[in-house]
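Report on one structure; see the data block that follows.
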Amino acid sequence: LQELARNTTVTSLTIHYISRLSREDMQQVTAVLRQNTTLQSLALHSSARGSAGLADIAPALYRNSSIKSLDLSSNGLDDIESANILCELLRRNKTITSVCLARNTFGGNAAAARSILEGLRCNTALQQLDLTDCGLGDQGLSVLANALAVRSASILELNLQMNEITTVGVRALVEDNVETVKTLTKLCLLYNPIGNEGATILADALGRNAMPSLKRLYLCVCQIDDDGIVA
């Protein structure tokens with residue numbers, strides 16, 4: 001990490017499944033973020049020490065202007081402290097275009113979810129958002145869709161797999177917040193029990209060209225049978 005702070009060629013750094021980085025390690029990661037101006041992708045999988053670790057690196061991320069892709073998956077970012085830091089990060093950083101928060105179950109904490117989604121509403125740079133297995137449910141998806149619909153910029157890729165989304169959530173996404181899906185090129189709903197009714201709602205949206213930019217639609221393990229496929 002000390003050497004990476006001086007490095008001018010590495011553009012992607014992944015620290016994956018280290019059981020727990022020490023406080024000193026996180027301070028060194030912060031030094032990398034402050035001094036390395038070529039790093040474009042940072043992934044801290046299951047390594048960032050929860051809200052405490054995020055607090056260590058957040059000030060550097062607020063001002064970083066080189067990173068385009070940030071992956072903080074599986075870091076226990078499910079409390080209000082983490083949410084407020086993420087909200088501020090999304091508000092202040094103007095260059096990150098891809099964020100992955102997969103398997104941080106903040107959706108089960110209403111206050112935390114609102115804080116993170118408020119940050120998303122204020123962010124105009126983000127184009128790819130991965131919220132796999134974040135416990136959003138229908139209510140969380142509705143809040144997310146509202147937040148994205150009022151942004152002054154488009155979202156292109158949205159990953160919502162494994163969030164217990166039903167037809168209620170699908171309707172909130174594609175009928176109640178049409179601005180959210182108008183620019184989507186990729187929508188992933190894997191492992192959500194949307195069933196035939198949810199598939200029919202999606203089919204209707206596609207039929208009336210509510211998602212004119214869509215290139216990829218993922219519906220595996222969504223409890224869709226013959227009627228949904230016919231639609």
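Note on naming: chains are A, B, ... as they come in the structure tokens, residues start from 1 per chain, ligands start from 1 in the order shown.
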All residues 12 Å or closer to Lys186 in chain A, only C-alpha atoms, same chain fewer than 4 positions away omitted, as a CSV table (one decimal) with all heavy atoms, in the first residue's frame:
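Contents of the output file around-v3.csv:
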chain,number,residue,atom,x,y,z
A,127,GLN,N,-23.8,6.4,-13.4
A,127,GLN,CA,-24.4,5.8,-14.5
A,127,GLN,C,-24.7,4.3,-14.3
A,127,GLN,O,-25.6,3.7,-14.9
A,127,GLN,CB,-23.6,5.9,-15.8
A,127,GLN,CG,-23.4,7.3,-16.2
A,127,GLN,CD,-22.5,7.4,-17.5
A,127,GLN,OE1,-22.0,6.4,-18.0
A,127,GLN,NE2,-22.4,8.6,-18.0
A,128,GLN,N,-24.0,3.6,-13.4
A,128,GLN,CA,-24.2,2.2,-13.1
A,128,GLN,C,-24.3,2.1,-11.5
A,128,GLN,O,-23.5,2.5,-10.8
A,128,GLN,CB,-23.0,1.4,-13.5
A,128,GLN,CG,-22.7,1.5,-15.0
A,128,GLN,CD,-21.4,0.9,-15.5
A,128,GLN,OE1,-20.4,1.1,-14.8
A,128,GLN,NE2,-21.4,0.1,-16.5
A,129,LEU,N,-25.4,1.4,-11.1
A,129,LEU,CA,-25.7,1.2,-9.7
A,129,LEU,C,-26.0,-0.3,-9.5
A,129,LEU,O,-27.0,-0.8,-10.1
A,129,LEU,CB,-26.8,2.1,-9.3
A,129,LEU,CG,-27.3,2.0,-7.9
A,129,LEU,CD1,-26.2,2.4,-6.9
A,129,LEU,CD2,-28.5,2.9,-7.7
A,130,ASP,N,-25.3,-0.9,-8.6
A,130,ASP,CA,-25.5,-2.3,-8.2
A,130,ASP,C,-25.9,-2.4,-6.7
A,130,ASP,O,-25.2,-2.1,-5.8
A,130,ASP,CB,-24.2,-3.1,-8.4
A,130,ASP,CG,-24.4,-4.6,-8.2
A,130,ASP,OD1,-25.4,-5.0,-7.6
A,130,ASP,OD2,-23.6,-5.4,-8.7
A,155,ILE,N,-29.6,7.3,-15.4
A,155,ILE,CA,-28.9,6.1,-14.9
A,155,ILE,C,-29.0,5.1,-16.1
A,155,ILE,O,-30.0,5.0,-16.8
A,155,ILE,CB,-29.6,5.5,-13.7
A,155,ILE,CG1,-28.7,4.4,-13.0
A,155,ILE,CG2,-31.0,5.0,-13.9
A,155,ILE,CD1,-27.7,5.0,-12.1
A,156,LEU,N,-27.9,4.4,-16.4
A,156,LEU,CA,-27.9,3.5,-17.5
A,156,LEU,C,-28.1,2.0,-17.1
A,156,LEU,O,-28.7,1.3,-17.8
A,156,LEU,CB,-26.6,3.7,-18.3
A,156,LEU,CG,-26.3,5.1,-18.8
A,156,LEU,CD1,-25.0,5.1,-19.6
A,156,LEU,CD2,-27.5,5.6,-19.7
A,157,GLU,N,-27.4,1.6,-16.0
A,157,GLU,CA,-27.4,0.2,-15.6
A,157,GLU,C,-27.9,0.1,-14.2
A,157,GLU,O,-27.3,0.7,-13.3
A,157,GLU,CB,-26.1,-0.5,-15.8
A,157,GLU,CG,-25.6,-0.5,-17.3
A,157,GLU,CD,-24.4,-1.3,-17.5
A,157,GLU,OE1,-23.9,-2.0,-16.6
A,157,GLU,OE2,-23.9,-1.3,-18.7
A,158,LEU,N,-28.9,-0.7,-13.9
A,158,LEU,CA,-29.4,-0.9,-12.6
A,158,LEU,C,-29.6,-2.4,-12.2
A,158,LEU,O,-30.3,-3.1,-12.9
A,158,LEU,CB,-30.8,-0.2,-12.5
A,158,LEU,CG,-31.5,-0.1,-11.2
A,158,LEU,CD1,-30.7,0.6,-10.2
A,158,LEU,CD2,-32.9,0.6,-11.4
A,159,ASN,N,-28.9,-2.8,-11.2
A,159,ASN,CA,-28.9,-4.2,-10.8
A,159,ASN,C,-29.6,-4.3,-9.4
A,159,ASN,O,-29.2,-3.7,-8.4
A,159,ASN,CB,-27.5,-4.7,-10.6
A,159,ASN,CG,-27.4,-6.2,-10.4
A,159,ASN,OD1,-28.4,-6.8,-10.0
A,159,ASN,ND2,-26.3,-6.8,-10.7
A,160,LEU,N,-30.8,-5.0,-9.4
A,160,LEU,CA,-31.6,-5.1,-8.3
A,160,LEU,C,-31.9,-6.5,-7.9
A,160,LEU,O,-32.9,-6.8,-7.2
A,160,LEU,CB,-33.0,-4.4,-8.6
A,160,LEU,CG,-32.9,-2.9,-8.8
A,160,LEU,CD1,-34.3,-2.4,-9.4
A,160,LEU,CD2,-32.6,-2.1,-7.6
A,181,VAL,N,-36.7,4.7,-15.8
A,181,VAL,CA,-36.4,3.6,-16.7
A,181,VAL,C,-36.2,4.1,-18.2
A,181,VAL,O,-35.8,3.3,-19.0
A,181,VAL,CB,-37.5,2.5,-16.6
A,181,VAL,CG1,-37.5,1.9,-15.3
A,181,VAL,CG2,-38.8,3.1,-17.0
A,182,LYS,N,-36.5,5.3,-18.4
A,182,LYS,CA,-36.4,5.8,-19.8
A,182,LYS,C,-35.1,5.7,-20.4
A,182,LYS,O,-34.9,5.4,-21.6
A,182,LYS,CB,-36.9,7.3,-19.9
A,182,LYS,CG,-37.1,7.8,-21.2
A,182,LYS,CD,-37.8,9.2,-21.2
A,182,LYS,CE,-37.0,10.2,-20.5
A,182,LYS,NZ,-37.7,11.5,-20.6
A,211,MET,N,-39.2,2.0,-22.1
A,211,MET,CA,-37.8,1.7,-21.9
A,211,MET,C,-37.1,1.7,-23.3
A,211,MET,O,-36.6,0.6,-23.7
A,211,MET,CB,-37.6,0.5,-21.1
A,211,MET,CG,-38.1,0.6,-19.7
A,211,MET,SD,-37.8,-0.9,-18.7
A,211,MET,CE,-39.1,-2.0,-19.2
A,212,PRO,N,-37.1,2.7,-24.0
A,212,PRO,CA,-36.6,2.7,-25.4
A,212,PRO,C,-35.1,2.4,-25.5
A,212,PRO,O,-34.7,2.0,-26.6
A,212,PRO,CB,-36.9,4.1,-25.9
A,212,PRO,CG,-36.9,5.0,-24.7
A,212,PRO,CD,-37.5,4.1,-23.6
A,213,SER,N,-34.3,2.6,-24.5
A,213,SER,CA,-32.9,2.4,-24.6
A,213,SER,C,-32.4,1.0,-24.1
A,213,SER,O,-31.3,0.6,-24.2
A,213,SER,CB,-32.1,3.4,-23.7
A,213,SER,OG,-32.5,4.7,-24.2
A,214,LEU,N,-33.4,0.2,-23.6
A,214,LEU,CA,-33.0,-1.1,-22.9
A,214,LEU,C,-32.4,-2.1,-23.9
A,214,LEU,O,-33.0,-2.4,-25.0
A,214,LEU,CB,-34.3,-1.7,-22.3
A,214,LEU,CG,-34.0,-2.8,-21.2
A,214,LEU,CD1,-33.4,-2.2,-20.0
A,214,LEU,CD2,-35.3,-3.5,-20.9
A,215,LYS,N,-31.3,-2.6,-23.5
A,215,LYS,CA,-30.6,-3.7,-24.3
A,215,LYS,C,-30.6,-5.0,-23.6
A,215,LYS,O,-30.6,-6.0,-24.3
A,215,LYS,CB,-29.1,-3.2,-24.6
A,215,LYS,CG,-29.0,-1.9,-25.2
A,215,LYS,CD,-29.5,-1.8,-26.6
A,215,LYS,CE,-29.3,-0.4,-27.2
A,215,LYS,NZ,-30.0,-0.3,-28.5
A,216,ARG,N,-30.5,-5.0,-22.3
A,216,ARG,CA,-30.4,-6.3,-21.5
A,216,ARG,C,-31.4,-6.3,-20.4
A,216,ARG,O,-31.5,-5.3,-19.6
A,216,ARG,CB,-29.0,-6.4,-21.0
A,216,ARG,CG,-28.0,-6.7,-22.1
A,216,ARG,CD,-26.6,-6.8,-21.5
A,216,ARG,NE,-26.1,-5.4,-21.1
A,216,ARG,CZ,-25.0,-5.2,-20.4
A,216,ARG,NH1,-24.3,-6.2,-19.9
A,216,ARG,NH2,-24.6,-4.0,-20.1
A,217,LEU,N,-32.2,-7.3,-20.3
A,217,LEU,CA,-33.2,-7.5,-19.2
A,217,LEU,C,-33.0,-8.9,-18.7
A,217,LEU,O,-33.1,-9.9,-19.4
A,217,LEU,CB,-34.6,-7.4,-19.8
A,217,LEU,CG,-35.8,-7.6,-18.8
A,217,LEU,CD1,-35.7,-6.6,-17.7
A,217,LEU,CD2,-37.1,-7.5,-19.6
A,218,TYR,N,-32.8,-9.0,-17.3
A,218,TYR,CA,-32.5,-10.3,-16.7
A,218,TYR,C,-33.6,-10.6,-15.8
A,218,TYR,O,-33.9,-9.9,-14.8
A,218,TYR,CB,-31.2,-10.2,-15.9
A,218,TYR,CG,-30.0,-9.9,-16.7
A,218,TYR,CD1,-29.6,-8.6,-17.1
A,218,TYR,CD2,-29.1,-11.0,-17.1
A,218,TYR,CE1,-28.5,-8.4,-17.9
A,218,TYR,CE2,-28.0,-10.7,-17.9
A,218,TYR,CZ,-27.7,-9.4,-18.2
A,218,TYR,OH,-26.6,-9.2,-19.0
A,219,LEU,N,-34.3,-11.8,-16.0
A,219,LEU,CA,-35.4,-12.2,-15.2
A,219,LEU,C,-35.3,-13.7,-14.8
A,219,LEU,O,-36.4,-14.3,-14.6
A,219,LEU,CB,-36.7,-12.1,-16.1
A,219,LEU,CG,-37.0,-10.6,-16.5
A,219,LEU,CD1,-38.2,-10.6,-17.5
A,219,LEU,CD2,-37.4,-9.8,-15.3
* To do: Would you list the contacts of Cys122 in chain A as number ranges by chain, taking every protein, DNA or RNA residue within 7 Å and counting only C-alpha atoms, but skipping same-chain residues closer than 2 positions in sequence?
  => A: 91, 118-120, 124, 151
Take the residues just selected and output them with all heavy atoms as an mmCIF file, in the first residue's frame.
data_model
loop_
_atom_site.group_PDB
_atom_site.id
_atom_site.type_symbol
_atom_site.label_atom_id
_atom_site.label_comp_id
_atom_site.auth_asym_id
_atom_site.auth_seq_id
_atom_site.Cartn_x
_atom_site.Cartn_y
_atom_site.Cartn_z
ATOM 1 N N ARG A 91 -23.004 12.776 -2.667
ATOM 2 C CA ARG A 91 -23.248 14.196 -2.886
ATOM 3 C C ARG A 91 -22.003 14.915 -3.417
ATOM 4 O O ARG A 91 -22.091 15.747 -4.319
ATOM 5 C CB ARG A 91 -23.653 14.879 -1.576
ATOM 6 C CG ARG A 91 -25.071 14.640 -1.092
ATOM 7 C CD ARG A 91 -25.228 15.308 0.257
ATOM 8 N NE ARG A 91 -26.536 15.121 0.839
ATOM 9 C CZ ARG A 91 -27.584 15.932 0.640
ATOM 10 N NH1 ARG A 91 -27.431 16.972 -0.155
ATOM 11 N NH2 ARG A 91 -28.736 15.705 1.211
ATOM 12 N N GLU A 118 -31.130 9.467 -0.692
ATOM 13 C CA GLU A 118 -31.066 10.924 -0.838
ATOM 14 C C GLU A 118 -29.757 11.331 -1.509
ATOM 15 O O GLU A 118 -29.724 12.238 -2.350
ATOM 16 C CB GLU A 118 -31.187 11.593 0.532
ATOM 17 C CG GLU A 118 -30.994 13.100 0.527
ATOM 18 C CD GLU A 118 -32.032 13.856 -0.288
ATOM 19 O OE1 GLU A 118 -33.126 13.293 -0.550
ATOM 20 O OE2 GLU A 118 -31.748 15.006 -0.675
ATOM 21 N N GLY A 119 -28.671 10.639 -1.137
ATOM 22 C CA GLY A 119 -27.400 10.892 -1.802
ATOM 23 C C GLY A 119 -27.462 10.588 -3.287
ATOM 24 O O GLY A 119 -26.927 11.338 -4.114
ATOM 25 N N LEU A 120 -28.137 9.490 -3.634
ATOM 26 C CA LEU A 120 -28.293 9.137 -5.047
ATOM 27 C C LEU A 120 -29.072 10.202 -5.801
ATOM 28 O O LEU A 120 -28.761 10.537 -6.944
ATOM 29 C CB LEU A 120 -29.016 7.789 -5.169
ATOM 30 C CG LEU A 120 -28.230 6.548 -4.778
ATOM 31 C CD1 LEU A 120 -29.141 5.335 -4.765
ATOM 32 C CD2 LEU A 120 -27.070 6.317 -5.739
ATOM 33 N N THR A 124 -25.198 13.472 -9.934
ATOM 34 C CA THR A 124 -25.468 13.597 -11.367
ATOM 35 C C THR A 124 -24.476 12.840 -12.238
ATOM 36 O O THR A 124 -24.625 12.808 -13.454
ATOM 37 C CB THR A 124 -25.452 15.078 -11.791
ATOM 38 O OG1 THR A 124 -24.173 15.649 -11.459
ATOM 39 C CG2 THR A 124 -26.547 15.862 -11.080
ATOM 40 N N ARG A 151 -33.548 12.921 -10.549
ATOM 41 C CA ARG A 151 -32.168 13.316 -10.827
ATOM 42 C C ARG A 151 -32.114 14.106 -12.131
ATOM 43 O O ARG A 151 -32.926 13.906 -13.027
ATOM 44 C CB ARG A 151 -31.259 12.087 -10.971
ATOM 45 C CG ARG A 151 -30.990 11.346 -9.695
ATOM 46 C CD ARG A 151 -30.274 10.036 -9.989
ATOM 47 N NE ARG A 151 -28.843 10.230 -10.206
ATOM 48 C CZ ARG A 151 -28.200 9.908 -11.315
ATOM 49 N NH1 ARG A 151 -28.852 9.402 -12.334
ATOM 50 N NH2 ARG A 151 -26.895 10.086 -11.414
#
* **Distance query Tyr17 in chain A at most 7 Å, only C-alpha atoms, self and fewer than 2 positions along chain excluded, as number ranges by chain** => A: 15, 19, 45-47
Could you write those residues out with N, CA, C and O atoms, as a short mmCIF file (atom, residue, chain, number, x, y, z; two decimals), in the first residue's frame?
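Printed below is selection01.cif as written:
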data_model
loop_
_atom_site.label_atom_id
_atom_site.label_comp_id
_atom_site.auth_asym_id
_atom_site.auth_seq_id
_atom_site.Cartn_x
_atom_site.Cartn_y
_atom_site.Cartn_z
N ILE A 15 -9.05 -5.22 -3.15
CA ILE A 15 -8.68 -5.88 -1.89
C ILE A 15 -9.87 -6.73 -1.49
O ILE A 15 -10.92 -6.21 -1.11
N SER A 19 -10.01 -10.56 6.01
CA SER A 19 -11.00 -10.65 7.08
C SER A 19 -11.28 -9.30 7.72
O SER A 19 -12.42 -8.95 7.99
N HIS A 45 -13.85 -5.57 -1.21
CA HIS A 45 -14.84 -6.61 -0.93
C HIS A 45 -14.63 -7.17 0.47
O HIS A 45 -13.55 -7.69 0.78
N SER A 46 -15.63 -7.07 1.32
CA SER A 46 -15.59 -7.70 2.64
C SER A 46 -14.33 -7.34 3.41
O SER A 46 -13.75 -8.16 4.10
N SER A 47 -13.89 -6.09 3.30
CA SER A 47 -12.61 -5.74 3.89
C SER A 47 -12.59 -4.39 4.61
O SER A 47 -11.61 -4.08 5.28
#
* Those of chain A in DSSP helix (DSSP H, G or I), formatted as an MDAnalysis selection string -> chainID A and resid 23:35 50:63 80:92 106:108 110:122 137:149 167:174 178:181 195:207 226:230
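Across A:Gln27, A:Thr105, A:Gln35, A:Ser115, the tightest approach to Leu86 in chain A is made by A:Ser115 when counting only C-alpha atoms.
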Which residues are near Ile80 in chain A? Cut-off 8 Å, only C-alpha atoms, ignore same chain within fewer than 4 positions. Put them as a CSV table (one decimal) with N, CA, C and O atoms, in the first residue's frame.
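Generated file (selection_21.csv):
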chain,number,residue,atom,x,y,z
A,84,ASN,N,-25.0,7.7,6.3
A,84,ASN,CA,-24.7,9.1,6.2
A,84,ASN,C,-23.4,9.4,5.5
A,84,ASN,O,-23.3,10.4,4.8
A,109,ASN,N,-33.1,-1.0,7.2
A,109,ASN,CA,-33.1,0.1,8.1
A,109,ASN,C,-33.6,1.3,7.4
A,109,ASN,O,-33.0,1.9,6.5
A,111,ALA,N,-34.2,4.4,8.0
A,111,ALA,CA,-33.5,5.7,8.0
A,111,ALA,C,-32.2,5.6,7.2
A,111,ALA,O,-31.9,6.6,6.5
A,112,ALA,N,-31.5,4.5,7.3
A,112,ALA,CA,-30.3,4.3,6.5
A,112,ALA,C,-30.6,4.3,5.0
A,112,ALA,O,-29.9,5.0,4.2
A,115,SER,N,-31.3,7.8,3.7
A,115,SER,CA,-30.1,8.6,3.7
A,115,SER,C,-29.3,8.3,2.4
A,115,SER,O,-28.9,9.2,1.7
* Asked: Leu117 in chain A: which residues within 12 Å, counting only C-alpha atoms, same-chain residues fewer than 2 positions away excluded, as a VMD selection string?
  -> chain A and resid 83 to 84 86 to 91 101 106 to 107 110 to 115 119 to 123 129 131 136 140 to 151
* Of the residues A:Val32, A:Ala199, A:Leu206, A:Leu21, which is the one nearest to Leu4 in chain A, using only C-alpha atoms? ->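 That would be A:Val32, the residue with the smallest distance to Leu4 in chain A.
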